[in-house]
Protein chains: 2
Amino acid sequence: MPVRLTPNAPDTPLVSGVDDAALRQFLGYNMKRAFNVVQADLTQTLKPLGLRMLTYTALVLIVENPGLSQSQLAAAMDVERPNLVEIIDELEQRALVLRRRVPADRRIYALTATPEGIQLCQKALAADKAHEARLFEGIPPQTIETLIEAMQTVRTRGALGAK
Amino acid sequence: MPVRLTPNAPDTPLVSGVDDAALRQFLGYNMKRAFNVVQADLTQTLKPLGLRMLTYTALVLIVENPGLSQSQLAAAMDVERPNLVEIIDELEQRALVLRRRVPADRRIYALTATPEGIQLCQKALAADKAHEARLFEGIPPQTIETLIEAMQTVRTRGALGAK
DNA sequence: TATTGTTATACTCTATAACTATA
DNA sequence: TATAGTTATAGAGTATAACAATA
């Protein structure tokens with residue numbers, strides 16, 4: 001007799017023949033599975049624009065916060081400073097952003113977007129909106145809003161608790 | 001004058017001085033940021049048990065679905081078959097699961113958990129529950145349930161839409 | 001001394017092609 | 001031929017240590 005970790009499985013398993021009821025009770029598991037779907041779709045959405053999720057995020061934050069330093073951006077994106085170098089290299093080589101030396105503190109690069117960068121950023125944001133509208137079609141806007149708020153709660157509560 | 005992609009930012013930025021309002025409107029962005037927090041905490045939770053998220057997931061699914069094949073498990077976990085080999089190797093070397101040849105079809109390995117594997121699985125599930133209770137403390141159970149249902153909707157709707 | 005950006009490096013997760021043994 | 005498991009390999013994403021330039 002198979003060992004049952006859950007008394008019974010009310011929902012039908014998603015993958016034919018394999019039951020993941022014991023894992024589906026966890027929000028984290030469902031977040032991962034759902035995010036995999038979102039990420040795959042967003043990656044395809046950004047590909048025609050020549051952007052990855054990381055370069056897209058960096059570009060938007062630079063456009064929105066002109067003059068910020070690489071350290072500030074790395075902290076905002078929750079990536080280590082060394083990993084940001086290649087991301088900015090890529091954006092700079094495509095002339096989407098500029099590294100400007102700051103006279104007052106010559107250690108810092110002030111990051112700014114070029115007009116082309118701003119234009120691509122706006123295209124990417126529009127594509128992202130269309131991607132989410134398509135992917136989340138049928139989910140009530142009120143529910144989406146609740147989801148976003150809950151995700152922000154998890155993000156901040158977890159970040160505090162981890163410290 | 002800085003370019004504003006959003007008319008105004010109602011919430012305070014999470015990282016000092018850097019505003020991510022244009023991205024925070026997206027559920028996908030919030031899912032990623034929130035899941036990063038959950039993943040970091042779960043990884044630390046599983047570490048004392050010698051498990052990674054991937055080996056943990058595989059172990060639970062094998063315990064719950066004794067006799068399934070590596071291909072079935074790979075499909076259930078949404079990983080490619082080659083990547084599962086190392087995961088099963090790791091579990092097998094620790095004597096948590098067994099690869100049993102199936103006489104009827106000698107190409108297939110039937111995966112089963114050993115008593116030690118079942119025991120560790122139950123410990124890991126308990127640790128996962130404690131981790132989520134701690135991380136999501138303060139979020140009403142009703143909201144958690146809504147979140148899980150919404151994540152499952154995204155997962156299945158997205159998976160269909162991507163095809 | 002401390003910080004910014006950088007290089008080098010390594011580890012995990014993921015993806016593809018090609019092999020073997022079985023069917 | 002087709003499938004299950006495997007090997008080899010490569011690409012992302014992420015993390016740490018150490019360095020040069022600057023403060």
# chains A, B, ... in the order shown; residues from 1 in each chain; ligands from 1
>>> interface_residues(of="chain B", to="chain A", cutoff="6 Å", atoms="only C-alpha atoms", output="PDB file with N, CA and C atoms, in the first residue's frame")
ATOM      1  N   VAL B  15      13.804  50.133  -1.450  1.00  0.00           N
ATOM      2  CA  VAL B  15      15.236  50.320  -1.284  1.00  0.00           C
ATOM      3  C   VAL B  15      15.516  51.817  -1.236  1.00  0.00           C
ATOM      4  N   LEU B  27       2.440  42.050 -11.597  1.00  0.00           N
ATOM      5  CA  LEU B  27       2.365  40.901 -10.695  1.00  0.00           C
ATOM      6  C   LEU B  27       3.622  40.051 -10.810  1.00  0.00           C
ATOM      7  N   ASN B  30       6.480  41.398  -8.752  1.00  0.00           N
ATOM      8  CA  ASN B  30       6.244  41.166  -7.321  1.00  0.00           C
ATOM      9  C   ASN B  30       6.378  39.697  -6.958  1.00  0.00           C
ATOM     10  N   ALA B  34       9.097  38.410  -4.249  1.00  0.00           N
ATOM     11  CA  ALA B  34       8.584  37.664  -3.097  1.00  0.00           C
ATOM     12  C   ALA B  34       9.147  36.249  -3.083  1.00  0.00           C
ATOM     13  N   VAL B  37      12.599  35.825  -1.641  1.00  0.00           N
ATOM     14  CA  VAL B  37      12.612  35.800  -0.177  1.00  0.00           C
ATOM     15  C   VAL B  37      12.232  34.405   0.331  1.00  0.00           C
ATOM     16  N   ALA B  76       6.810  15.812 -14.169  1.00  0.00           N
ATOM     17  CA  ALA B  76       6.050  16.377 -13.051  1.00  0.00           C
ATOM     18  C   ALA B  76       6.768  17.580 -12.447  1.00  0.00           C
ATOM     19  N   LEU B 135       7.133  32.519   7.960  1.00  0.00           N
ATOM     20  CA  LEU B 135       7.311  33.556   6.938  1.00  0.00           C
ATOM     21  C   LEU B 135       6.005  34.286   6.627  1.00  0.00           C
ATOM     22  N   ILE B 148      -2.906  30.715  -3.157  1.00  0.00           N
ATOM     23  CA  ILE B 148      -2.570  29.407  -3.715  1.00  0.00           C
ATOM     24  C   ILE B 148      -3.448  29.106  -4.919  1.00  0.00           C
ATOM     25  N   MET B 151      -2.334  31.213  -7.833  1.00  0.00           N
ATOM     26  CA  MET B 151      -1.067  30.711  -8.396  1.00  0.00           C
ATOM     27  C   MET B 151      -1.331  29.484  -9.274  1.00  0.00           C
ATOM     28  N   VAL B 154      -2.767  30.712 -12.549  1.00  0.00           N
ATOM     29  CA  VAL B 154      -1.716  31.258 -13.414  1.00  0.00           C
ATOM     30  C   VAL B 154      -0.916  30.125 -14.029  1.00  0.00           C
ATOM     31  N   ARG B 155      -0.556  29.160 -13.198  1.00  0.00           N
ATOM     32  CA  ARG B 155       0.253  28.027 -13.666  1.00  0.00           C
ATOM     33  C   ARG B 155      -0.438  27.279 -14.800  1.00  0.00           C
ATOM     34  N   GLY B 158      -1.331  29.792 -17.880  1.00  0.00           N
ATOM     35  CA  GLY B 158      -0.117  30.147 -18.599  1.00  0.00           C
ATOM     36  C   GLY B 158       0.431  28.985 -19.383  1.00  0.00           C
TER      37      GLY B 158
END
>>> interface_residues(of="chain D", to="chain A", cutoff="12 Å", atoms="only C-alpha atoms (C1' of nucleotides)", output="list of chain:residue names")
D:DA12, D:DG13, D:DT14, D:DA15, D:DT16, D:DA17, D:DA20, D:DA21, D:DT22, D:DA23
>>> residues_around(residues="DT9 (chain D)", least_positions_apart="5", cutoff="12 Å", atoms="only C-alpha atoms (C1' of nucleotides)", output="list of chain:residue names")
B:Pro82, C:DA15, C:DT16, C:DA17, C:DA18
>>> interface_residues(of="chain C", to="chain B", cutoff="8 Å", atoms="only C-alpha atoms (C1' of nucleotides)", output="list of chain:residue names")
C:DT14, C:DA15, C:DA21, C:DT22, C:DA23
>>> select_by_dssp(residues="region 7-143 of chain A", states="helix (DSSP H, G or I)", output="PyMOL selection string")
chain A and resi 21-24+27-49+53-64+70-77+81-93+115-135+141-143
>>> atom_distance(atom1="CA of Leu111 (chain B)", atom2="CA of Ile88 (chain B)")
8.9 Å
>>> atom_distance(atom1="CA of Tyr109 (chain A)", atom2="CA of Tyr56 (chain A)")
19.3 Å
>>> select_by_dssp(residues="chain A", states="strand (DSSP E)", output="PyMOL selection string")
chain A and resi 97-102+105-113
>>> atom_distance(atom1="CA of Gln70 (chain A)", atom2="CA of Ala110 (chain A)")
7.6 Å
